[in-house]
Protein chains: 2
Amino acid sequence: MATIGDVARVAGVSRSTASYALSGKRAISLEVRQRVDEAVRELGYTPNAGARALATAQTHVLGLLVQFLEDEFAPAMLQYMLGVSNVARELGYDILMVTDPDGAGSLERITDSRMVDGVILLNVADDDLRLPVLRTASQPSALVGLPADCTGLDVFDLDFAEAGRVMVDHLADLGHREVVLISQPEHVVERGGAYVWRLRDAALAQAAARGVLLHAVYGEAQQPAVGRCLNDVLDRFPTSTGLLVHNEAAAVALPAVLQARGLTSPADLSVIGRYSDEFARTFSLPYSSIDSAPDRLGRMAVRQVVRRIENPGLHEPHVVRFIPPELVDRASTAQARSR
Amino acid sequence: MATIGDVARVAGVSRSTASYALSGKRAISLEVRQRVDEAVRELGYTPNAGARALATAQTHVLGLLVQFLEDEFAPAMLQYMLGVSNVARELGYDILMVTDPDGAGSLERITDSRMVDGVILLNVADDDLRLPVLRTASQPSALVGLPADCTGLDVFDLDFAEAGRVMVDHLADLGHREVVLISQPEHVVERGGAYVWRLRDAALAQAAARGVLLHAVYGEAQQPAVGRCLNDVLDRFPTSTGLLVHNEAAAVALPAVLQARGLTSPADLSVIGRYSDEFARTFSLPYSSIDSAPDRLGRMAVRQVVRRIENPGLHEPHVVRFIPPELVDRASTAQARSR
DNA sequence: CTGAAAGCGCTTACAG
DNA sequence: CTGAAAGCGCTTACAG
């Protein structure tokens, strides 16, 4: 493999001149620049990333920490990963993907060894073990998901509380008086998935305020439990006219369950989910939904990390940014009537 | 951040001794080893990955090239990615994930700049633009998926031809005389997805040999086209008693379609899919299937690349390895009867 | 506008 | 069993 020394020799200049000609960091005579460019072409020269990283203390790599947990629906995570990866590439960064179940350990490893310039954390838990590591790391980072303590962290998340209110308001406005909310499995909450109760508690409060009876239940994440759970809920709350689905696996399973019971939405049941547009397309989900906007959140997180990486001077205060929920109407809700 | 120089100073030894004490590459007195270990702990020392890569010409990073194409079902790719990522970690490698649509360009970039020690390619096309790049790269690589020309490449794939035969045999043995095969969208074939016709052609040949009338049709990859297509197929071939689904999106959509038409499997229709166990679980697919074994293929590919990386001496011939299809019985097939 | 030199943080022959 | 030194391939002050 050709080195910059080879380029310099072929172009008949010093290594520093060759380097500057390539980086454009100082003025170079047209003639020299052309000779260098020519040498680069001739040799097929590409700078060695490791050497550059060592010299500049910048790897142009971002760590992406994902966890695939049993009680979460894996395909939903993919959306976030792709969002992050695509934006990173636009901004000139590569992605080191870490799927290790021992997130904290891996995080420490990739930051301490300076493999990455910054880090993006997905599926953040309330009391995430990775956060202490992150706070002592010297690289900037951003979270997608809200932990209990945001001190010293940049955090991006959907405003789940507002999402809960929007869902309830939407059905209340249509005259629904009894509604069921199916959340993620209870285990997700125990593990620190605060978004579950953030949405649920706000929904409950709003329901109370609007005079709506809201039954909040935990769902399941894997089949066949999901299907059973949905049937169970429909059996237990026969007079409910609305269904809020804060659970991707349940949303995916719902069409078959409704069909089996001879129910149609919105005629028999008004349904609102919470998933991205892309997700709805992939699984052909016919329900209106609060857009979880994974691409947008991924984009915000990456941008923020890159800003901090590239402007080490500015010590801007850390931000906690909630994006407002948007209801994508797929005509799965209607005026309430009894089932 | 502490360097090995700091460690050496604190331990009162030379940098080389500190380095050897850590790598274990030469005998070190117990006392010195302890002093070095103590210094490492005290300073929280972690070797700088870039510097090590420069010195050893090994990054311990593997490139993982994935493409998310419109006409493929994204969640199916995830299985392969996780398989690769997990095995890589077991073997001490990190994953640089590249999702760039310009696979060839990205591949050249990460190999030429020596960001990776080796490369794993997913969704390989018959005439894949990335292959010429791979052949000139100095790092070893492995493909999951069979291209037209395997020269100089290590290739791992499911034996799709045999899979087609197994599917047909299974139904033929049960007395089915007319069967439909739904493949991936035609566009996948045009793009070079040879696995589609490898399975189809073998299925057609076997069907002819067994006296089975096999209708081979292309499916769709996205809703709502998938559902329409399935209904269409069931309308067009009303006397078929078996359905072979070589199309993840169609498999996911099938339960709802059958239910809507009042059909049950296997009573009304014997169904065999082709997807992994994990996929079946995630989507609650009740159909027997040829296991696509993404984890196993990922594991084989990574192992092979790592073997080549770590034994640069042995110039073993390249391998093209097909794994034999296994039918996972989920009781969705039965003796043929007319619909 | 260009060059010689130092330095980034490691590893590993070479010497003793 | 240990150390001094060279080298991996870049970048970037320092000098002219």
# chains A, B, ... in the order shown; residues from 1 in each chain; ligands from 1
$ residues_around --residues "DG9 of chain C" --least-positions-apart "3" --cutoff "7 Å" --atoms "only C-alpha atoms (C1' of nucleotides)" --output "VMD selection string"
chain B and resid 3 48 51
$ residues_around --residues "DG3 of chain D" --least-positions-apart "2" --cutoff "10 Å" --atoms "only C-alpha atoms (C1' of nucleotides)" --output "ChimeraX atom specification"
/B:13-17 /C:15-16 /D:5
$ select_by_dssp --residues "segment 85-234 of chain B" --states "strand (DSSP E)" --output "PyMOL selection string"
chain B and resi 94-98+118-121+141-144+154-158+178-183+213-218
$ select_by_dssp --residues "segment 66-108 of chain B" --states "helix (DSSP H, G or I)" --output "list in words"
Ala74, Pro75, Ala76, Met77, Leu78, Gln79, Tyr80, Met81, Leu82, Gly83, Val84, Ser85, Asn86, Val87, Ala88, Arg89, Glu90, Gly103, Ala104, Gly105, Ser106, Leu107 and Glu108 of chain B
$ interface_residues --of "chain A" --to "chain D" --cutoff "10 Å" --atoms "only C-alpha atoms (C1' of nucleotides)" --output "list in words"
Ala2, Thr3, Ile4, Gly5, Arg15, Ser16, Ser19, Tyr20, Ser23, Lys25, Pro47, Asn48, Ala49, Gly50, Ala51, Arg52, Ala53, Leu54, Ala55 and Thr56 of chain A
$ interface_residues --of "chain B" --to "chain A" --cutoff "7 Å" --atoms "only C-alpha atoms" --output "ChimeraX atom specification"
/B:46-51,53-54,75,85,95-97,99,112-115,222-224,256,259-260,281-284
$ closest_residue --among "B:Leu146, B:Val217, B:Ala205, B:Ala161" --to "Glu186 of chain B" --atoms "only C-alpha atoms"
B:Val217
$ atom_distance --atom1 "atom CA of Gly103 of chain A" --atom2 "atom CA of Leu43 of chain B"
22.6 Å
$ residues_around --residues "Gly152 of chain A" --least-positions-apart "2" --cutoff "10 Å" --atoms "only C-alpha atoms (C1' of nucleotides)" --output "JSON list (two decimals) with all heavy atoms, in the first residue's frame"
[["chain", "number", "residue", "atom", "x", "y", "z"],
["A", 131, "LEU", "N", -24.58, 4.91, 31.69],
["A", 131, "LEU", "CA", -24.46, 6.36, 31.87],
["A", 131, "LEU", "C", -23.26, 6.79, 32.71],
["A", 131, "LEU", "O", -22.59, 7.76, 32.35],
["A", 131, "LEU", "CB", -25.76, 6.93, 32.45],
["A", 131, "LEU", "CG", -27.00, 6.65, 31.59],
["A", 131, "LEU", "CD1", -28.20, 7.39, 32.14],
["A", 131, "LEU", "CD2", -26.76, 7.02, 30.15],
["A", 134, "LEU", "N", -20.43, 6.79, 30.47],
["A", 134, "LEU", "CA", -20.53, 7.89, 29.52],
["A", 134, "LEU", "C", -20.07, 9.21, 30.13],
["A", 134, "LEU", "O", -19.40, 10.02, 29.49],
["A", 134, "LEU", "CB", -21.99, 8.01, 29.09],
["A", 134, "LEU", "CG", -22.25, 8.28, 27.63],
["A", 134, "LEU", "CD1", -21.50, 7.31, 26.78],
["A", 134, "LEU", "CD2", -23.73, 8.21, 27.35],
["A", 135, "ARG", "N", -20.42, 9.41, 31.38],
["A", 135, "ARG", "CA", -20.11, 10.69, 32.03],
["A", 135, "ARG", "C", -18.61, 10.85, 32.25],
["A", 135, "ARG", "O", -18.11, 11.97, 32.28],
["A", 135, "ARG", "CB", -20.85, 10.79, 33.37],
["A", 135, "ARG", "CG", -22.35, 10.95, 33.21],
["A", 135, "ARG", "CD", -22.99, 11.58, 34.44],
["A", 135, "ARG", "NE", -24.43, 11.78, 34.23],
["A", 135, "ARG", "CZ", -25.36, 10.86, 34.49],
["A", 135, "ARG", "NH1", -25.00, 9.69, 34.99],
["A", 135, "ARG", "NH2", -26.63, 11.11, 34.26],
["A", 136, "THR", "N", -17.92, 9.74, 32.42],
["A", 136, "THR", "CA", -16.48, 9.87, 32.64],
["A", 136, "THR", "C", -15.70, 9.76, 31.34],
["A", 136, "THR", "O", -14.52, 10.06, 31.30],
["A", 136, "THR", "CB", -15.97, 8.78, 33.63],
["A", 136, "THR", "OG1", -16.22, 7.51, 33.04],
["A", 136, "THR", "CG2", -16.70, 8.87, 34.95],
["A", 140, "PRO", "N", -17.79, 13.07, 23.49],
["A", 140, "PRO", "CA", -19.19, 13.47, 23.62],
["A", 140, "PRO", "C", -20.13, 12.33, 23.24],
["A", 140, "PRO", "O", -19.73, 11.38, 22.57],
["A", 140, "PRO", "CB", -19.33, 14.63, 22.64],
["A", 140, "PRO", "CG", -18.22, 14.50, 21.69],
["A", 140, "PRO", "CD", -17.11, 13.77, 22.40],
["A", 141, "SER", "N", -21.36, 12.45, 23.65],
["A", 141, "SER", "CA", -22.32, 11.39, 23.37],
["A", 141, "SER", "C", -23.72, 11.97, 23.32],
["A", 141, "SER", "O", -23.96, 13.10, 23.72],
["A", 141, "SER", "CB", -22.25, 10.34, 24.47],
["A", 141, "SER", "OG", -22.49, 10.94, 25.73],
["A", 149, "ASP", "N", -31.70, 10.50, 35.23],
["A", 149, "ASP", "CA", -30.82, 11.63, 35.49],
["A", 149, "ASP", "C", -30.07, 12.02, 34.22],
["A", 149, "ASP", "O", -29.26, 11.25, 33.72],
["A", 149, "ASP", "CB", -29.82, 11.24, 36.59],
["A", 149, "ASP", "CG", -28.82, 12.34, 36.88],
["A", 149, "ASP", "OD1", -28.96, 13.46, 36.32],
["A", 149, "ASP", "OD2", -27.89, 12.09, 37.67],
["A", 150, "CYS", "N", -30.35, 13.23, 33.74],
["A", 150, "CYS", "CA", -29.77, 13.65, 32.46],
["A", 150, "CYS", "C", -28.52, 14.51, 32.63],
["A", 150, "CYS", "O", -27.99, 15.04, 31.65],
["A", 150, "CYS", "CB", -30.77, 14.46, 31.66],
["A", 150, "CYS", "SG", -32.19, 13.50, 31.13],
["A", 154, "ASP", "N", -26.54, 14.79, 26.59],
["A", 154, "ASP", "CA", -27.46, 15.29, 25.58],
["A", 154, "ASP", "C", -28.49, 14.21, 25.31],
["A", 154, "ASP", "O", -28.14, 13.09, 24.97],
["A", 154, "ASP", "CB", -26.71, 15.64, 24.29],
["A", 154, "ASP", "CG", -25.89, 16.91, 24.43],
["A", 154, "ASP", "OD1", -26.42, 17.90, 24.99],
["A", 154, "ASP", "OD2", -24.73, 16.92, 23.99],
["A", 155, "VAL", "N", -29.74, 14.58, 25.46],
["A", 155, "VAL", "CA", -30.80, 13.58, 25.40],
["A", 155, "VAL", "C", -31.87, 13.97, 24.38],
["A", 155, "VAL", "O", -32.31, 15.13, 24.36],
["A", 155, "VAL", "CB", -31.45, 13.42, 26.79],
["A", 155, "VAL", "CG1", -32.60, 12.43, 26.73],
["A", 155, "VAL", "CG2", -30.42, 13.00, 27.82],
["A", 317, "PRO", "N", -24.16, 24.19, 27.15],
["A", 317, "PRO", "CA", -24.86, 23.36, 28.15],
["A", 317, "PRO", "C", -25.51, 22.17, 27.46],
["A", 317, "PRO", "O", -25.84, 22.21, 26.28],
["A", 317, "PRO", "CB", -25.92, 24.31, 28.70],
["A", 317, "PRO", "CG", -26.04, 25.41, 27.71],
["A", 317, "PRO", "CD", -24.71, 25.53, 27.04],
["A", 318, "HIS", "N", -25.65, 21.12, 28.21],
["A", 318, "HIS", "CA", -26.27, 19.91, 27.64],
["A", 318, "HIS", "C", -27.76, 20.14, 27.44],
["A", 318, "HIS", "O", -28.37, 20.94, 28.14],
["A", 318, "HIS", "CB", -26.01, 18.73, 28.57],
["A", 318, "HIS", "CG", -24.58, 18.29, 28.54],
["A", 318, "HIS", "ND1", -24.10, 17.39, 27.62],
["A", 318, "HIS", "CD2", -23.53, 18.66, 29.30],
["A", 318, "HIS", "CE1", -22.80, 17.22, 27.82],
["A", 318, "HIS", "NE2", -22.44, 17.99, 28.83],
["A", 319, "VAL", "N", -28.31, 19.45, 26.49],
["A", 319, "VAL", "CA", -29.72, 19.66, 26.18],
["A", 319, "VAL", "C", -30.53, 18.38, 26.40],
["A", 319, "VAL", "O", -30.03, 17.27, 26.26],
["A", 319, "VAL", "CB", -29.91, 20.09, 24.71],
["A", 319, "VAL", "CG1", -29.14, 21.37, 24.43],
["A", 319, "VAL", "CG2", -29.49, 19.00, 23.74]]
$ residues_around --residues "segment 123-130 of chain A" --least-positions-apart "3" --cutoff "8 Å" --atoms "only C-alpha atoms (C1' of nucleotides)" --output "VMD selection string"
chain A and resid 66 to 67 103 to 104 107 133 to 134 143 to 149 191 to 194
$ write_last_selection --atoms "N, CA, C and O atoms" --output "compact mmCIF listing (two decimals), in the first residue's frame"
# COMPACT_ATOMS: atom_id res chain seq x y z
N VAL A 66 -26.43 -0.49 20.74
CA VAL A 66 -27.80 -1.01 20.69
C VAL A 66 -27.87 -2.26 21.53
O VAL A 66 -26.89 -3.00 21.62
N GLN A 67 -29.00 -2.50 22.08
CA GLN A 67 -29.18 -3.77 22.77
C GLN A 67 -30.42 -4.45 22.22
O GLN A 67 -31.44 -3.78 22.01
N GLY A 103 -23.36 -3.70 27.68
CA GLY A 103 -23.19 -2.38 27.07
C GLY A 103 -22.17 -1.52 27.79
O GLY A 103 -21.34 -0.86 27.16
N ALA A 104 -22.22 -1.52 29.11
CA ALA A 104 -21.32 -0.66 29.87
C ALA A 104 -19.86 -1.04 29.62
O ALA A 104 -19.00 -0.18 29.39
N LEU A 107 -18.84 -0.13 26.10
CA LEU A 107 -18.74 1.31 25.97
C LEU A 107 -17.41 1.79 26.52
O LEU A 107 -16.71 2.61 25.90
N VAL A 133 -20.44 5.38 32.83
CA VAL A 133 -19.31 5.25 31.91
C VAL A 133 -19.25 6.44 30.97
O VAL A 133 -18.21 7.05 30.73
N LEU A 134 -20.43 6.79 30.47
CA LEU A 134 -20.53 7.89 29.52
C LEU A 134 -20.07 9.21 30.13
O LEU A 134 -19.40 10.02 29.49
N LEU A 143 -27.97 10.54 23.74
CA LEU A 143 -28.87 9.43 24.00
C LEU A 143 -30.14 9.60 23.19
O LEU A 143 -30.64 10.70 23.03
N VAL A 144 -30.65 8.49 22.73
CA VAL A 144 -32.02 8.49 22.21
C VAL A 144 -32.82 7.73 23.26
O VAL A 144 -32.70 6.51 23.39
N GLY A 145 -33.58 8.47 24.03
CA GLY A 145 -34.28 7.88 25.16
C GLY A 145 -33.91 8.62 26.42
O GLY A 145 -32.76 9.01 26.60
N LEU A 146 -34.88 8.81 27.29
CA LEU A 146 -34.70 9.65 28.48
C LEU A 146 -34.39 8.83 29.72
O LEU A 146 -35.20 8.00 30.14
N PRO A 147 -33.23 9.06 30.34
CA PRO A 147 -32.94 8.37 31.61
C PRO A 147 -33.45 9.20 32.78
O PRO A 147 -33.93 10.33 32.59
N ALA A 148 -33.33 8.63 33.98
CA ALA A 148 -33.81 9.36 35.16
C ALA A 148 -33.00 10.63 35.39
O ALA A 148 -33.54 11.70 35.67
N ASP A 149 -31.70 10.50 35.23
CA ASP A 149 -30.82 11.63 35.49
C ASP A 149 -30.07 12.02 34.22
O ASP A 149 -29.26 11.25 33.72
N ARG A 191 -37.21 -2.98 33.94
CA ARG A 191 -35.85 -2.81 33.46
C ARG A 191 -35.50 -1.34 33.30
O ARG A 191 -34.37 -0.99 32.97
N GLY A 192 -36.48 -0.48 33.46
CA GLY A 192 -36.18 0.95 33.39
C GLY A 192 -36.64 1.63 32.12
O GLY A 192 -36.15 2.70 31.78
N GLY A 193 -37.57 1.03 31.43
CA GLY A 193 -38.09 1.66 30.22
C GLY A 193 -39.12 2.73 30.60
O GLY A 193 -40.32 2.52 30.56
N ALA A 194 -38.61 3.89 30.97
CA ALA A 194 -39.46 4.94 31.53
C ALA A 194 -40.50 5.43 30.54
O ALA A 194 -41.55 5.94 30.92
